[in-house]
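Take a look at the structure set out below.
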Amino acid sequence: MSEAIAAPAAPAPAPNLSPPPGNPRFPLFDALRAIAAVLVFANHTITSVYPVAGHGTLYVWAAELGREGVAVFFLISGFLLYRPFLVARQGRAQLRVPAYARRRFLRIVPAYWAALTIFIAAGFVSGVTAHNWWVFYAFGQVYSSTLIGRGIGVAWTLGVEVTFYALLPVFALVAGRLSRSRSMRADVLLLVILAAASLAFRAHYSSFVDAEKVSTLAGTFLWFALGMLLAIASVAREGRRPSARAGGWVALWPVASWCGGALLFVLSYEVEIGRIGLSAGAASVTIHALSGVAALCILLPAVFAQEAGGLVQGVLRLRWLAWIGLVSYGVYLYHTIVIDQLNKLYGGGSTSWRYPVVTVSALIVTLACAGASYYVLERPMMLLGRGSRIRLRPAPGWRGRVKS
């Protein structure tokens, strides 16, 4: 009697970490999310506790940390969300846009609405009134110079992300129509054109009073484009065997990549403080581009050397770091309010002792809130949406096989 011999199945990843069917999972991205969250957290602990007067240099470093964290998040979104569209074009999966939209909605909206409602009820946020509440619940505060930064202050990035989610299928459709067969050249050309236009937009609105204009998808698209270009490179490389001569470099180039990212981060700081003489527009574009390429250097080992050993991969495989990545959306939603409330609680004292106390206690409370958000709300919502996933269709030439 013929039998199909099945190997023991690996534990299924958490629903927010599992890729659409037909796509590989990139497990080292879990820790990358944590790194991005920690960078943003560090930025807000510094700016909340220390007064800007007398701490200008510290504030610039904090701004650099926060910018880099957001850049990493946006590159991750560009990579992980666009890659399934490319895989579908290769004939390995059938993409259903309604399923994609439902998955994005359940991943982002319920947890954000819950956090925003809690904070409004507790009186922890400002700017939300009976007349404009719907703007915040619809992620529209990013498009208002008076409302951006109100409500959950960091949620301006959610407004950018949601706009990206909505326009990504349109971009994929246009690129697919312009492409011949399974080619991705049109994707690259469109991304280069749109990224250049985004940088030009950013250069034009380089004044501080125009900050809300560049805090949109139009002003930040370069970061998504870099992630999308990384997705193109990943799909193009898939299935290729590395050369024998490349084996010795696998353990070395991830460290070099991260060191390169660190150098770009420092260079961005030098531009920010004016040590490199550039006009306002050129400085804005340069800082933005350097932050994006630095984030790209951070992501590269998690894409092209995830199976290798080495220092970088060892860091990215830390289980506690991966868990922070698992609940990083809750960290993002809750950390600024927690920091502000604890800073008020410990206010009036010297920053020399208040900063470590606020930082440690805020980290503990934030992780507790993030864990509750994930296990009580986010995970059940995502499990609810698993029935509307991307459906597979066999690639040309595929035949099912049963071992006997």
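By order in the structure tokens, chains are A, B, ...; within a chain, residues start at 1; ligands start at 1, following the order shown.
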Long-range neighbours of Arg317 in chain A as a PDB file with N, CA, C and O atoms, in the first residue's frame, 9 Å cut-off, only C-alpha atoms, 3 positions minimum in chain:
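In the end it all went to around-v5.pdb:
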ATOM      1  N   PRO A  27      13.146  35.062   8.802  1.00  0.00           N
ATOM      2  CA  PRO A  27      13.023  35.099  10.268  1.00  0.00           C
ATOM      3  C   PRO A  27      13.867  36.178  10.939  1.00  0.00           C
ATOM      4  O   PRO A  27      13.518  36.633  12.032  1.00  0.00           O
ATOM      5  N   LEU A  28      14.965  36.594  10.314  1.00  0.00           N
ATOM      6  CA  LEU A  28      15.807  37.601  10.949  1.00  0.00           C
ATOM      7  C   LEU A  28      15.160  38.982  10.943  1.00  0.00           C
ATOM      8  O   LEU A  28      15.623  39.889  11.642  1.00  0.00           O
ATOM      9  N   ASP A  30      12.401  39.608  12.265  1.00  0.00           N
ATOM     10  CA  ASP A  30      11.759  39.789  13.564  1.00  0.00           C
ATOM     11  C   ASP A  30      12.614  40.699  14.447  1.00  0.00           C
ATOM     12  O   ASP A  30      12.117  41.652  15.066  1.00  0.00           O
ATOM     13  N   ALA A  31      13.923  40.411  14.493  1.00  0.00           N
ATOM     14  CA  ALA A  31      14.830  41.220  15.299  1.00  0.00           C
ATOM     15  C   ALA A  31      15.044  42.603  14.688  1.00  0.00           C
ATOM     16  O   ALA A  31      15.271  43.579  15.415  1.00  0.00           O
ATOM     17  N   VAL A 312      26.595  39.215  13.124  1.00  0.00           N
ATOM     18  CA  VAL A 312      25.338  39.900  12.809  1.00  0.00           C
ATOM     19  C   VAL A 312      24.168  38.943  12.913  1.00  0.00           C
ATOM     20  O   VAL A 312      23.139  39.247  13.539  1.00  0.00           O
ATOM     21  N   GLN A 313      24.322  37.768  12.298  1.00  0.00           N
ATOM     22  CA  GLN A 313      23.227  36.803  12.350  1.00  0.00           C
ATOM     23  C   GLN A 313      22.980  36.323  13.779  1.00  0.00           C
ATOM     24  O   GLN A 313      21.845  36.044  14.161  1.00  0.00           O
ATOM     25  N   GLY A 314      24.063  36.237  14.565  1.00  0.00           N
ATOM     26  CA  GLY A 314      23.893  35.848  15.960  1.00  0.00           C
ATOM     27  C   GLY A 314      23.058  36.850  16.734  1.00  0.00           C
ATOM     28  O   GLY A 314      22.196  36.477  17.536  1.00  0.00           O
ATOM     29  N   TRP A 320      15.067  36.961  22.684  1.00  0.00           N
ATOM     30  CA  TRP A 320      14.391  38.084  23.340  1.00  0.00           C
ATOM     31  C   TRP A 320      14.232  39.261  22.383  1.00  0.00           C
ATOM     32  O   TRP A 320      13.231  39.980  22.445  1.00  0.00           O
ATOM     33  N   LEU A 321      15.193  39.421  21.489  1.00  0.00           N
ATOM     34  CA  LEU A 321      15.078  40.490  20.502  1.00  0.00           C
ATOM     35  C   LEU A 321      13.960  40.167  19.507  1.00  0.00           C
ATOM     36  O   LEU A 321      13.185  41.044  19.107  1.00  0.00           O
ATOM     37  N   ALA A 322      13.872  38.889  19.120  1.00  0.00           N
ATOM     38  CA  ALA A 322      12.801  38.476  18.213  1.00  0.00           C
ATOM     39  C   ALA A 322      11.425  38.669  18.852  1.00  0.00           C
ATOM     40  O   ALA A 322      10.455  39.024  18.170  1.00  0.00           O
TER      41      ALA A 322
END
request  = Return the single residue from A:Thr336, A:Gln341, A:Ser206, A:Ser328 that is closest to Ser373 in chain A, with distances computed using only C-alpha atoms.
outcome  =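 Of A:Thr336, A:Gln341, A:Ser206, A:Ser328, the one nearest Ser373 in chain A is A:Ser328, counting only C-alpha atoms.
Of the listed residues (A:Ala71, A:Leu39, A:Leu222, A:Leu167), A:Leu167 comes nearest to Ala101 in chain A; the distances count only C-alpha atoms.
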Surrounding residues of range 102-108 of chain A excluding itself and chain neighbours under 4 positions, 12 Å, only C-alpha atoms, as a PyMOL selection string = chain A and resi 15-20+77+81+96-98+112-115+137-139+155+157-159+161-166+168+327-330+332-333+373-374+377-390
query = as an NGL selection string, which residues of range 172-344 of chain A does DSSP assign to helix (DSSP H, G or I)?
reply = :A and (172-178 or 185-204 or 208-214 or 217-237 or 244-249 or 253-272 or 280-304 or 311-316 or 319-326 or 328-344)
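In this structure, CA of Ala203 in chain A sits 20.2 Å away from CA of Trp156 in chain A.
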query = So, counting only C-alpha atoms, which residue among A:Pro169, A:Ile339, A:Ala231, A:Gly66 is closest to Pro24 in chain A?
reply = A:Ala231
query = CA of Asn343 in chain A to CA of Thr45 in chain A: how many Å, to one decimal?
reply =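 Distance reported for this atom pair: 8.9 Å.
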task = Pick out the residues sitting within 9 Å of His335 in chain A, and hand them over as an NGL selection string; count only C-alpha atoms, and ignore anything fewer than 5 positions along from it in its own chain.
result = :A and (41 or 44 or 330 or 340 or 362-363 or 365-367 or 369-370)
Would you save the residues of that selection, restricted to N, CA, C and O atoms, as a compact mmCIF listing (two decimals), in the first residue's frame?
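As written to disk, result_18.txt reads:
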# COMPACT_ATOMS: atom_id res chain seq x y z
N PHE A 41 12.27 54.28 20.32
CA PHE A 41 12.08 54.40 21.77
C PHE A 41 13.17 55.26 22.39
O PHE A 41 12.90 56.13 23.23
N HIS A 44 12.61 58.99 21.80
CA HIS A 44 11.55 59.64 22.58
C HIS A 44 11.86 59.69 24.08
O HIS A 44 11.36 60.58 24.77
N GLY A 330 2.79 47.07 19.12
CA GLY A 330 2.31 47.59 20.40
C GLY A 330 3.33 48.52 21.04
O GLY A 330 2.95 49.52 21.67
N ASP A 340 5.75 59.74 28.43
CA ASP A 340 5.27 61.05 28.88
C ASP A 340 4.66 60.97 30.28
O ASP A 340 4.91 61.85 31.12
N ALA A 362 9.76 52.85 31.71
CA ALA A 362 8.95 52.98 30.50
C ALA A 362 9.10 51.77 29.61
O ALA A 362 8.13 51.32 28.98
N LEU A 363 10.30 51.21 29.55
CA LEU A 363 10.51 50.01 28.74
C LEU A 363 9.71 48.84 29.29
O LEU A 363 9.05 48.10 28.54
N VAL A 365 6.94 48.94 31.25
CA VAL A 365 5.51 49.17 31.09
C VAL A 365 5.11 49.06 29.62
O VAL A 365 4.05 48.49 29.28
N THR A 366 5.94 49.60 28.73
CA THR A 366 5.63 49.54 27.30
C THR A 366 5.58 48.11 26.81
O THR A 366 4.67 47.73 26.06
N LEU A 367 6.54 47.28 27.21
CA LEU A 367 6.54 45.88 26.78
C LEU A 367 5.33 45.14 27.33
O LEU A 367 4.76 44.27 26.65
N CYS A 369 2.37 46.53 27.98
CA CYS A 369 1.23 46.99 27.16
C CYS A 369 1.27 46.37 25.77
O CYS A 369 0.23 45.97 25.22
N ALA A 370 2.47 46.29 25.20
CA ALA A 370 2.61 45.73 23.86
C ALA A 370 2.26 44.25 23.85
O ALA A 370 1.60 43.77 22.92
Pull the closest atom pair for each residue of range 53-113 of chain A that gets at most 10 Å from range 295-307 of chain A, along with the distance in Å to one decimal, counting only C-alpha atoms, ordering rows by chain and then ascending residue number, as a tab-separated table.
residue	atom	partner	partner_atom	distance
A:Arg67	CA	A:Ala295	CA	10.0
A:Glu68	CA	A:Ala295	CA	6.7
A:Gly69	CA	A:Ala295	CA	8.2
A:Val70	CA	A:Ala295	CA	9.2
A:Ala71	CA	A:Ala295	CA	6.1
A:Val72	CA	A:Ala295	CA	5.1
A:Phe73	CA	A:Ala295	CA	8.8
A:Phe74	CA	A:Ala295	CA	9.3
A:Leu75	CA	A:Leu296	CA	7.2
A:Ile76	CA	A:Leu299	CA	7.9
A:Phe79	CA	A:Leu299	CA	9.6
query = Between CA of Val109 in chain A and CA of Leu32 in chain A, what is the distance, to one decimal in Å?
reply =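 Answer for the CA of Val109 in chain A to CA of Leu32 in chain A separation: 22.2 Å.
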